[in-house]
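Listing of coords_12.tsv, TSV, C-alpha atoms (C1' of nucleotides)
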```tsv
chain	number	residue	atom	x	y	z
A	1	MET	CA	22.68	10.43	-4.93
A	2	GLY	CA	24.19	7.02	-4.36
A	3	VAL	CA	26.96	5.23	-6.17
A	4	ASN	CA	26.54	4.99	-9.93
A	5	LEU	CA	27.40	1.44	-10.98
A	6	ARG	CA	25.08	1.51	-14.00
A	7	ASP	CA	27.86	1.01	-16.54
A	8	LEU	CA	29.36	-1.90	-14.61
A	9	VAL	CA	26.35	-4.14	-14.05
A	10	THR	CA	24.15	-6.26	-16.31
A	11	PRO	CA	20.57	-6.41	-15.10
A	12	VAL	CA	18.15	-9.22	-15.89
A	13	ALA	CA	14.44	-8.54	-16.40
A	14	VAL	CA	12.07	-9.90	-13.76
A	15	SER	CA	8.28	-10.05	-13.79
A	16	LEU	CA	5.94	-9.44	-10.87
A	17	GLU	CA	4.77	-13.02	-11.37
A	18	GLU	CA	8.26	-14.28	-10.53
A	19	LEU	CA	8.17	-12.31	-7.29
A	20	LYS	CA	4.91	-13.89	-6.13
A	21	GLY	CA	5.16	-15.10	-2.54
A	22	LYS	CA	8.56	-13.46	-2.08
A	23	VAL	CA	9.47	-10.84	0.52
A	24	VAL	CA	11.06	-7.70	-0.86
A	25	ALA	CA	12.77	-5.17	1.43
A	26	ILE	CA	12.09	-1.78	-0.07
A	27	ASP	CA	14.20	1.28	0.60
A	28	GLY	CA	11.31	3.40	1.85
A	29	TYR	CA	12.99	6.76	1.60
A	30	ASN	CA	14.09	6.02	-1.94
A	31	ALA	CA	10.56	5.01	-2.95
A	32	LEU	CA	8.84	7.99	-1.33
A	33	TYR	CA	11.32	10.41	-2.78
A	34	GLN	CA	10.74	8.93	-6.22
A	35	PHE	CA	6.97	9.36	-5.88
A	36	LEU	CA	7.37	12.89	-4.60
A	37	ALA	CA	9.57	13.82	-7.54
A	38	ILE	CA	7.56	12.14	-10.27
A	39	ILE	CA	3.87	12.36	-9.33
A	40	ARG	CA	3.30	15.91	-10.51
A	41	GLN	CA	1.27	17.93	-12.95
A	42	PRO	CA	2.84	19.04	-16.22
A	43	ASP	CA	3.83	22.39	-14.67
A	44	GLY	CA	5.57	20.67	-11.78
A	45	THR	CA	2.91	21.10	-9.08
A	46	PRO	CA	2.68	18.01	-6.86
A	47	LEU	CA	-0.68	16.48	-5.90
A	48	LYS	CA	-2.18	18.28	-2.91
A	49	ASP	CA	-5.22	17.98	-0.66
A	50	SER	CA	-7.71	20.80	-0.04
A	51	ARG	CA	-5.51	22.16	2.74
A	52	GLY	CA	-2.53	22.42	0.42
A	53	ARG	CA	-0.66	19.46	1.88
A	54	ILE	CA	1.37	17.42	-0.62
A	55	THR	CA	-0.07	13.95	-1.28
A	56	SER	CA	2.11	12.63	-4.12
A	57	HIS	CA	4.03	10.36	-1.75
A	58	LEU	CA	0.76	8.90	-0.41
A	59	SER	CA	-0.68	8.27	-3.86
A	60	GLY	CA	2.54	6.52	-4.82
A	61	ILE	CA	2.93	4.32	-1.78
A	62	PHE	CA	-0.74	3.37	-1.70
A	63	TYR	CA	-1.13	2.33	-5.33
A	64	ARG	CA	2.32	0.78	-5.60
A	65	THR	CA	1.87	-1.26	-2.43
A	66	ALA	CA	-1.66	-2.24	-3.43
A	67	ASN	CA	-0.35	-3.53	-6.73
A	68	LEU	CA	2.44	-5.50	-5.09
A	69	LEU	CA	-0.03	-7.08	-2.67
A	70	GLU	CA	-2.38	-7.89	-5.52
A	71	ALA	CA	0.50	-9.65	-7.26
A	72	GLY	CA	1.13	-11.71	-4.11
A	73	VAL	CA	4.42	-9.97	-3.33
A	74	LYS	CA	5.20	-9.38	0.35
A	75	PRO	CA	6.69	-5.92	0.75
A	76	VAL	CA	8.44	-4.56	3.82
A	77	TYR	CA	9.50	-0.93	3.81
A	78	VAL	CA	12.74	0.09	5.49
A	79	PHE	CA	13.22	3.74	6.43
A	80	ASP	CA	16.44	5.61	7.08
A	81	GLY	CA	17.53	6.39	10.62
A	82	LYS	CA	20.37	8.67	11.62
A	83	PRO	CA	22.78	9.17	8.72
A	84	PRO	CA	26.47	8.41	9.22
A	85	GLU	CA	28.59	11.45	10.08
A	86	LEU	CA	30.39	11.11	6.74
A	87	LYS	CA	27.14	11.77	4.88
A	88	THR	CA	27.02	15.42	5.99
A	89	LYS	CA	28.71	16.74	2.86
A	90	GLU	CA	26.30	14.87	0.58
A	91	ILE	CA	23.30	16.10	2.57
A	92	GLU	CA	24.50	19.69	2.34
A	93	LYS	CA	25.08	19.23	-1.35
A	94	ARG	CA	21.51	18.00	-1.83
A	95	ILE	CA	20.12	21.01	0.03
A	96	GLU	CA	22.12	23.34	-2.18
A	97	VAL	CA	20.89	21.61	-5.34
A	98	LYS	CA	17.29	22.01	-4.13
A	99	GLU	CA	17.79	25.71	-3.44
A	100	ARG	CA	19.13	26.24	-6.93
A	101	ALA	CA	16.29	24.20	-8.39
A	102	ALA	CA	13.74	26.36	-6.57
A	103	VAL	CA	15.16	29.47	-8.24
A	104	GLU	CA	15.12	27.78	-11.64
A	105	TYR	CA	11.56	26.52	-11.07
A	106	LYS	CA	10.31	30.05	-10.47
A	107	ALA	CA	12.21	31.41	-13.48
A	108	ALA	CA	10.93	28.64	-15.76
A	109	LEU	CA	7.34	29.26	-14.68
A	110	GLU	CA	7.72	32.97	-15.33
A	111	ARG	CA	8.94	32.44	-18.86
A	112	GLY	CA	6.24	29.82	-19.40
A	113	ASP	CA	8.60	26.91	-20.03
A	114	MET	CA	6.58	24.07	-18.56
A	115	VAL	CA	9.05	21.36	-19.51
A	116	ALA	CA	11.88	23.12	-17.67
A	117	ALA	CA	9.52	24.00	-14.82
A	118	ARG	CA	8.54	20.40	-14.25
A	119	LYS	CA	12.14	19.26	-14.36
A	120	ALA	CA	13.21	21.91	-11.86
A	121	ALA	CA	10.21	21.20	-9.62
A	122	GLN	CA	11.22	17.55	-9.43
A	123	ALA	CA	14.64	18.58	-8.21
A	124	THR	CA	13.12	20.71	-5.45
A	125	SER	CA	11.42	17.66	-3.87
A	126	LYS	CA	11.80	17.67	-0.12
A	127	LEU	CA	10.65	14.64	1.83
A	128	THR	CA	9.79	15.72	5.39
A	129	GLY	CA	9.56	13.62	8.54
A	130	GLU	CA	5.85	14.38	8.57
A	131	MET	CA	5.43	12.93	5.09
A	132	VAL	CA	7.31	9.79	6.07
A	133	GLY	CA	5.03	9.48	9.11
A	134	GLN	CA	1.93	9.75	6.91
A	135	ALA	CA	3.26	7.05	4.62
A	136	LYS	CA	3.93	4.78	7.62
A	137	ASP	CA	0.31	5.28	8.74
A	138	VAL	CA	-0.90	4.11	5.33
A	139	LEU	CA	1.36	1.05	5.50
A	140	VAL	CA	0.02	0.13	8.95
A	141	ALA	CA	-3.54	0.41	7.63
A	142	LEU	CA	-2.56	-1.84	4.72
A	143	GLY	CA	-1.15	-4.40	7.14
A	144	VAL	CA	2.29	-4.00	5.59
A	145	PRO	CA	5.32	-4.01	7.92
A	146	TRP	CA	7.78	-1.14	8.03
A	147	ILE	CA	11.09	-1.02	9.82
A	148	GLN	CA	13.05	1.89	11.21
A	149	ALA	CA	16.71	1.39	10.36
A	150	PRO	CA	19.23	2.56	12.95
A	151	SER	CA	21.16	4.26	10.15
A	152	GLU	CA	21.10	3.68	6.40
A	153	GLY	CA	17.89	2.07	5.12
A	154	GLU	CA	19.70	0.25	2.32
A	155	ALA	CA	22.07	-1.28	4.86
A	156	GLN	CA	19.17	-2.53	6.99
A	157	ALA	CA	17.23	-3.83	3.98
A	158	THR	CA	20.37	-5.62	2.81
A	159	PHE	CA	20.99	-7.10	6.25
A	160	MET	CA	17.51	-8.62	6.02
A	161	THR	CA	18.14	-9.91	2.50
A	162	LYS	CA	21.44	-11.49	3.54
A	163	LYS	CA	19.71	-13.17	6.48
A	164	GLY	CA	17.09	-14.59	4.15
A	165	ASP	CA	14.22	-12.66	5.73
A	166	ALA	CA	13.84	-10.91	2.38
A	167	TRP	CA	14.50	-12.28	-1.09
A	168	ALA	CA	15.84	-9.04	-2.49
A	169	THR	CA	16.56	-5.42	-1.68
A	170	VAL	CA	14.54	-2.90	-3.70
A	171	SER	CA	16.00	0.49	-4.59
A	172	GLN	CA	16.85	2.62	-7.60
A	173	ASP	CA	20.33	3.15	-6.17
A	174	TYR	CA	23.17	0.62	-6.37
A	175	ASP	CA	24.48	1.19	-2.84
A	176	SER	CA	22.95	-2.04	-1.54
A	177	LEU	CA	25.40	-3.99	-3.74
A	178	LEU	CA	28.26	-2.39	-1.82
A	179	PHE	CA	26.50	-3.38	1.40
A	180	GLY	CA	26.54	-6.92	-0.01
A	181	ALA	CA	22.96	-7.42	-1.19
A	182	PRO	CA	22.82	-10.75	-3.09
A	183	ARG	CA	19.94	-9.39	-5.19
A	184	LEU	CA	18.96	-5.84	-5.99
A	185	ILE	CA	15.66	-5.12	-7.72
A	186	ARG	CA	15.37	-1.86	-9.65
A	187	ASN	CA	12.38	-0.36	-11.48
A	188	LEU	CA	9.83	-2.23	-9.40
A	189	THR	CA	7.00	-0.43	-11.18
A	190	ILE	CA	3.67	-1.70	-12.33
A	191	SER	CA	2.81	0.10	-15.53
A	192	GLY	CA	6.15	-0.54	-17.19
A	193	ARG	CA	5.77	2.34	-19.62
A	194	ARG	CA	7.58	5.60	-19.10
A	195	LYS	CA	7.93	8.74	-21.14
A	196	LEU	CA	11.47	9.84	-21.81
A	197	PRO	CA	12.01	13.20	-20.13
A	198	ASN	CA	11.56	16.03	-22.57
A	199	LYS	CA	10.77	13.83	-25.55
A	200	PRO	CA	7.54	12.36	-26.84
A	201	VAL	CA	9.10	8.92	-26.70
A	202	TYR	CA	7.95	6.04	-24.53
A	203	ILE	CA	10.21	3.22	-23.50
A	204	ASP	CA	9.43	0.06	-21.60
A	205	ILE	CA	10.78	0.16	-18.08
A	206	GLU	CA	10.48	-3.25	-16.55
A	207	PRO	CA	11.60	-4.47	-13.16
A	208	GLU	CA	15.13	-5.84	-13.23
A	209	ILE	CA	17.39	-7.81	-10.94
A	210	VAL	CA	21.07	-7.17	-10.44
A	211	ARG	CA	22.75	-10.17	-8.84
A	212	LEU	CA	25.86	-9.32	-6.86
A	213	GLU	CA	27.43	-12.69	-7.67
A	214	ASP	CA	27.03	-12.02	-11.39
A	215	VAL	CA	28.50	-8.54	-11.09
A	216	LEU	CA	31.57	-9.87	-9.29
A	217	LEU	CA	31.98	-12.79	-11.72
A	218	GLU	CA	31.64	-10.56	-14.75
A	219	LEU	CA	34.09	-7.96	-13.49
A	220	LYS	CA	36.35	-10.66	-11.97
A	221	ILE	CA	36.56	-8.79	-8.66
A	222	THR	CA	35.59	-9.28	-5.01
A	223	ARG	CA	33.00	-7.32	-3.06
A	224	ASP	CA	35.87	-5.54	-1.32
A	225	GLN	CA	37.10	-4.40	-4.69
A	226	LEU	CA	33.60	-3.37	-5.75
A	227	ILE	CA	33.46	-1.12	-2.70
A	228	ASP	CA	36.78	0.41	-3.74
A	229	ILE	CA	35.42	1.02	-7.24
A	230	GLY	CA	32.38	2.64	-5.67
A	231	ILE	CA	34.58	4.98	-3.64
A	232	LEU	CA	36.55	5.88	-6.77
A	233	LEU	CA	33.31	6.74	-8.57
A	234	GLY	CA	31.85	8.56	-5.59
A	235	THR	CA	29.44	7.47	-2.85
A	236	ASP	CA	27.18	9.38	-0.47
A	237	PHE	CA	30.21	9.50	1.82
A	238	ASN	CA	32.55	11.03	-0.77
A	239	PRO	CA	30.12	12.54	-3.28
A	240	ASP	CA	32.79	14.03	-5.52
A	241	GLY	CA	34.56	10.75	-6.16
A	242	PHE	CA	38.02	10.92	-7.70
A	243	LYS	CA	38.87	13.55	-10.28
A	244	GLY	CA	38.92	12.22	-13.82
A	245	ILE	CA	37.89	8.70	-12.81
A	246	GLY	CA	34.86	7.03	-14.36
A	247	PRO	CA	33.78	3.40	-14.43
A	248	LYS	CA	36.46	2.30	-16.89
A	249	LYS	CA	39.43	3.85	-15.11
A	250	ALA	CA	38.09	2.79	-11.71
A	251	LEU	CA	37.87	-0.85	-12.79
A	252	LYS	CA	41.28	-0.67	-14.45
A	253	ALA	CA	42.94	0.78	-11.36
A	254	ILE	CA	41.50	-1.96	-9.16
A	255	GLU	CA	42.42	-4.69	-11.67
A	256	GLU	CA	45.96	-3.36	-11.86
A	257	PHE	CA	46.67	-2.71	-8.19
A	258	GLY	CA	44.20	-4.97	-6.42
A	259	SER	CA	42.84	-2.35	-4.08
A	260	LEU	CA	42.19	1.34	-3.72
A	261	LYS	CA	44.74	1.46	-0.92
A	262	ALA	CA	47.44	0.03	-3.19
A	263	ALA	CA	46.45	2.29	-6.09
A	264	LEU	CA	46.79	5.29	-3.78
A	265	GLU	CA	50.15	4.13	-2.48
A	266	GLN	CA	51.43	3.64	-6.01
A	267	LYS	CA	50.14	7.11	-6.92
A	268	LYS	CA	47.96	5.58	-9.63
A	269	VAL	CA	45.06	7.69	-8.37
A	270	GLU	CA	45.12	10.90	-6.43
A	271	ALA	CA	42.82	11.52	-3.50
A	272	ASP	CA	41.67	14.55	-1.60
A	273	PRO	CA	43.96	14.47	1.48
A	274	THR	CA	40.96	14.71	3.81
A	275	LEU	CA	39.45	11.53	2.38
A	276	ASP	CA	39.27	8.67	4.88
A	277	VAL	CA	38.95	5.64	2.63
A	278	GLU	CA	38.97	3.13	5.47
A	279	ALA	CA	36.10	4.90	7.25
A	280	ILE	CA	33.97	4.74	4.10
A	281	ARG	CA	34.85	1.11	3.51
A	282	ASP	CA	33.83	0.42	7.08
A	283	ILE	CA	30.35	1.88	6.54
A	284	PHE	CA	29.76	-0.60	3.71
A	285	LEU	CA	31.44	-3.56	5.44
A	286	ASN	CA	30.09	-3.04	8.97
A	287	PRO	CA	26.96	-0.91	8.73
A	288	LYS	CA	24.76	-0.22	11.71
A	289	THR	CA	21.77	-2.60	11.53
A	290	THR	CA	19.25	-4.19	13.84
A	291	ASP	CA	17.59	-7.60	14.13
A	292	ASP	CA	14.89	-6.15	16.34
A	293	TYR	CA	12.02	-6.41	13.86
A	294	ARG	CA	9.05	-8.58	13.06
A	295	LEU	CA	7.70	-9.25	9.61
A	296	GLU	CA	3.95	-9.77	9.58
A	297	TRP	CA	1.42	-9.04	6.92
A	298	GLY	CA	-1.57	-8.44	9.11
A	299	GLY	CA	-4.29	-7.99	6.53
A	300	ILE	CA	-5.84	-4.83	5.33
A	301	ASN	CA	-7.94	-2.44	7.41
A	302	GLY	CA	-9.99	-0.81	4.68
A	303	ASN	CA	-11.71	1.63	7.00
A	304	ALA	CA	-8.41	2.85	8.37
A	305	VAL	CA	-7.05	3.29	4.85
A	306	LYS	CA	-10.14	5.27	3.83
A	307	GLU	CA	-10.03	7.31	7.00
A	308	ILE	CA	-6.48	8.44	6.23
A	309	LEU	CA	-6.59	8.84	2.47
A	310	CYS	CA	-10.21	9.94	1.92
A	311	GLY	CA	-11.06	11.41	5.32
A	312	SER	CA	-7.86	13.33	5.81
A	313	PHE	CA	-6.24	13.77	2.40
A	314	ASP	CA	-9.21	14.08	0.01
A	315	PHE	CA	-8.54	10.96	-2.05
A	316	SER	CA	-11.56	9.74	-3.99
A	317	PRO	CA	-13.38	7.02	-2.00
A	318	GLU	CA	-14.41	5.30	-5.25
A	319	ARG	CA	-10.82	4.96	-6.41
A	320	ILE	CA	-9.53	3.82	-3.03
A	321	GLU	CA	-12.34	1.31	-2.60
A	322	ALA	CA	-11.72	-0.09	-6.06
A	323	ALA	CA	-8.04	-0.61	-5.23
A	324	LEU	CA	-8.87	-2.14	-1.84
A	325	HIS	CA	-11.32	-4.49	-3.48
A	326	ARG	CA	-8.68	-5.66	-5.95
A	327	ILE	CA	-6.29	-6.72	-3.20
A	328	GLU	CA	-8.85	-8.18	-0.81
A	329	LYS	CA	-8.43	-11.76	-1.97
A	330	GLU	CA	-4.66	-11.75	-2.04
A	331	THR	CA	-4.21	-10.13	1.38
A	332	LYS	CA	-6.44	-12.77	2.97
A	333	GLU	CA	-4.06	-15.35	1.56
A	334	LEU	CA	-1.05	-13.50	2.94
A	335	LYS	CA	-2.62	-13.20	6.36
A	336	LYS	CA	-3.47	-16.89	6.36
A	337	GLN	CA	0.13	-17.77	5.42
A	338	SER	CA	1.66	-15.46	8.04
A	339	SER	CA	-0.47	-16.88	10.82
A	340	LEU	CA	0.25	-20.44	9.70
A	341	GLU	CA	4.00	-19.81	9.71
A	342	LYS	CA	3.91	-19.41	13.48
A	343	TRP	CA	2.99	-23.10	13.81
A	344	PHE	CA	6.01	-24.39	11.93
B	1	DC	C1'	3.61	6.76	-10.73
B	2	DA	C1'	-0.87	4.69	-11.53
B	3	DA	C1'	-5.85	5.14	-12.64
B	4	DT	C1'	-9.15	6.80	-15.65
B	5	DT	C1'	-10.80	8.84	-19.80
B	6	DT	C1'	-10.39	9.80	-24.58
B	7	DC	C1'	-9.28	8.63	-29.13
B	8	DA	C1'	-8.20	6.15	-33.49
C	1	DT	C1'	-9.90	-2.39	-27.92
C	2	DG	C1'	-5.45	-0.89	-27.15
C	3	DA	C1'	-2.67	3.06	-27.13
C	4	DA	C1'	-2.38	7.88	-26.03
C	5	DA	C1'	-3.72	11.70	-23.26
C	6	DT	C1'	-5.36	13.40	-19.05
C	7	DT	C1'	-6.40	13.31	-14.23
C	8	DG	C1'	-5.53	12.32	-9.63
C	9	DG	C1'	-5.11	15.40	-4.85
```

As structure tokens - that is how I would like this structure written.
Amino acid sequence: MGVNLRDLVTPVAVSLEELKGKVVAIDGYNALYQFLAIIRQPDGTPLKDSRGRITSHLSGIFYRTANLLEAGVKPVYVFDGKPPELKTKEIEKRIEVKERAAVEYKAALERGDMVAARKAAQATSKLTGEMVGQAKDVLVALGVPWIQAPSEGEAQATFMTKKGDAWATVSQDYDSLLFGAPRLIRNLTISGRRKLPNKPVYIDIEPEIVRLEDVLLELKITRDQLIDIGILLGTDFNPDGFKGIGPKKALKAIEEFGSLKAALEQKKVEADPTLDVEAIRDIFLNPKTTDDYRLEWGGINGNAVKEILCGSFDFSPERIEAALHRIEKETKELKKQSSLEKWF
DNA sequence: CAATTTCA
DNA sequence: TGAAATTGG
């Protein structure tokens, strides 16, 4: 589920207002998966249309994108392509977790434990190619660009951020920092209020920025060393990480020996003999990306949006129209700006 | 998650 | 009216 750098970074709060006029490259798979997991009824059932097709991902991407557009933010969604060979183990692991969650979901429903049922249901979330395609259709109708990454979406989004085509990479995962993203935005949500799982407690979740430069300065390390720390903790390409190593020991080992390679040679840390550290480092240092993309915010096609969401997926026309109306003014501005940019 | 409705 | 609860699909 991505590298967990939570304990090693210090995020700074950011408001939607501060993001006005800025391009954000959103990890599309990460966003859709989040919607699919979270937008559910108390018993864990996702939103569905009259034909039984899941619509949670569409509700999420429509309202989230509408809100970003209304705030004057320019989103571009980046979707995963073919995963690196080294990701196979992680993918198999995820499938296994989902299978176990499906069993637990059924059991929890049978004993009437709705809290456990919802939790298990979230873990069963499976994002299909068809669902991604539906989400892309909605984005096209909203005039919002999406990009197909050749491989990892976070790598492509980060490539665009490094180039300056985007101001920040948006994801809940920290992997983009290993890819070298200068800015990572997490919790890019609108409502900012979230219930703590299992407890009747609400906490404020506000969007936050993690700046790579700050992370490196604070930890007094280089990006190369951050990648090594990531590998010690576990990435999608070595999901188990190193036995007995958490953030503190990982940082200490790198401080002491300078690199993972040196720490291994000095027997400071012990690795699974099949682990190819250099191959993993290479994914983060030289990821497969493309510059074959165009970023244009073409303006909203309300009828197309309604045709998809209301005509096909049973969304309420009143609700969709209200949301479309809210963003009308702002999208006209965006379209005007995009078309003007061609002249300069 | 976000929108809408209900409630204090 | 703002926060809490419920609905959405």

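Atom pair CA of Glu90 in chain A / CA of Ala120 in chain A has a distance of 19.4 Å (rounded to one decimal).
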
Point to revise | Non-local contacts of range 5-8 of chain C (10 Å; only C-alpha atoms (C1' of nucleotides); under 4 positions in same chain excluded) as a list in words | key: Ile39, Arg40, Gln41, Leu47, Lys48, Ser56, Ser59, Phe315, Ser316 and Arg319 of chain A; DA2, DA3, DT4, DT5, DT6 and DC7 of chain B

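The spacing separating CA of Leu178 in chain A from CA of Ile227 in chain A amounts to 5.4 Å.
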
Practice item. Using only C-alpha atoms (C1' of nucleotides), find which residues of chain A lie within 12 Å of chain C and jot them down as a ChimeraX atom specification. Key: /A:39-42,45-60,63,193,195,200-202,309-310,312-316,319-320

Check your understanding: Of the residues A:Ile190, A:Leu69, A:Val103, A:Ile245, which is the one nearest to chain B, using all atoms listed in the file?
Key ->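 Ranking A:Ile190, A:Leu69, A:Val103, A:Ile245 by distance to chain B, first place goes to A:Ile190.
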
Exercise for review: Select, counting only C-alpha atoms (C1' of nucleotides), all protein, DNA and RNA residues no farther than 12 Å from (20.6, -4.6, -7.1) in file coordinates, and express the selection as a PyMOL selection string.
Suggested key: chain A and resi 3-6+8-13+24-27+154+157-158+161+167-188+207-215

Provide range 237-245 of chain A rebuilt to all heavy atoms, formatted as a tab-separated table (two decimals), keeping the file's coordinate frame.
```tsv
chain	number	residue	atom	x	y	z
A	237	PHE	N	29.25	9.13	0.77
A	237	PHE	CA	30.21	9.50	1.82
A	237	PHE	C	31.47	10.16	1.25
A	237	PHE	O	32.35	10.58	2.00
A	237	PHE	CB	30.55	8.25	2.64
A	237	PHE	CG	29.30	7.46	2.97
A	237	PHE	CD1	29.07	6.21	2.40
A	237	PHE	CD2	28.32	8.00	3.79
A	237	PHE	CE1	27.91	5.52	2.66
A	237	PHE	CE2	27.13	7.31	4.05
A	237	PHE	CZ	26.93	6.06	3.49
A	238	ASN	N	31.54	10.21	-0.07
A	238	ASN	CA	32.55	11.03	-0.77
A	238	ASN	C	31.96	11.42	-2.12
A	238	ASN	O	32.37	10.93	-3.17
A	238	ASN	CB	33.89	10.28	-0.94
A	238	ASN	CG	33.80	9.07	-1.84
A	238	ASN	OD1	32.85	8.28	-1.74
A	238	ASN	ND2	34.76	8.89	-2.72
A	239	PRO	N	30.95	12.28	-2.09
A	239	PRO	CA	30.12	12.54	-3.28
A	239	PRO	C	30.89	13.00	-4.52
A	239	PRO	O	30.40	12.81	-5.63
A	239	PRO	CB	29.14	13.63	-2.80
A	239	PRO	CG	29.64	14.12	-1.48
A	239	PRO	CD	30.48	13.04	-0.91
A	240	ASP	N	32.06	13.55	-4.34
A	240	ASP	CA	32.79	14.03	-5.52
A	240	ASP	C	33.59	12.94	-6.22
A	240	ASP	O	34.04	13.13	-7.35
A	240	ASP	CB	33.72	15.18	-5.12
A	240	ASP	CG	32.93	16.37	-4.58
A	240	ASP	OD1	31.78	16.54	-5.02
A	240	ASP	OD2	33.45	17.09	-3.71
A	241	GLY	N	33.77	11.81	-5.55
A	241	GLY	CA	34.56	10.75	-6.16
A	241	GLY	C	35.99	11.19	-6.38
A	241	GLY	O	36.50	12.06	-5.68
A	242	PHE	N	36.65	10.56	-7.37
A	242	PHE	CA	38.02	10.92	-7.70
A	242	PHE	C	38.03	11.66	-9.04
A	242	PHE	O	37.34	11.27	-9.97
A	242	PHE	CB	38.90	9.67	-7.79
A	242	PHE	CG	39.32	9.13	-6.46
A	242	PHE	CD1	38.38	8.82	-5.47
A	242	PHE	CD2	40.67	8.94	-6.17
A	242	PHE	CE1	38.77	8.32	-4.24
A	242	PHE	CE2	41.07	8.43	-4.94
A	242	PHE	CZ	40.11	8.12	-3.97
A	243	LYS	N	38.82	12.70	-9.08
A	243	LYS	CA	38.87	13.55	-10.28
A	243	LYS	C	39.32	12.75	-11.50
A	243	LYS	O	40.33	12.05	-11.46
A	243	LYS	CB	39.82	14.73	-10.04
A	243	LYS	CG	39.36	16.00	-10.74
A	243	LYS	CD	40.13	17.21	-10.25
A	243	LYS	CE	41.26	17.56	-11.21
A	243	LYS	NZ	42.05	18.72	-10.72
A	244	GLY	N	38.55	12.85	-12.55
A	244	GLY	CA	38.92	12.22	-13.82
A	244	GLY	C	38.74	10.71	-13.87
A	244	GLY	O	39.19	10.06	-14.80
A	245	ILE	N	38.08	10.16	-12.85
A	245	ILE	CA	37.89	8.70	-12.81
A	245	ILE	C	36.43	8.35	-13.04
A	245	ILE	O	35.55	8.77	-12.30
A	245	ILE	CB	38.35	8.12	-11.45
A	245	ILE	CG1	39.78	8.53	-11.14
A	245	ILE	CG2	38.15	6.60	-11.44
A	245	ILE	CD1	40.84	7.55	-11.51
```
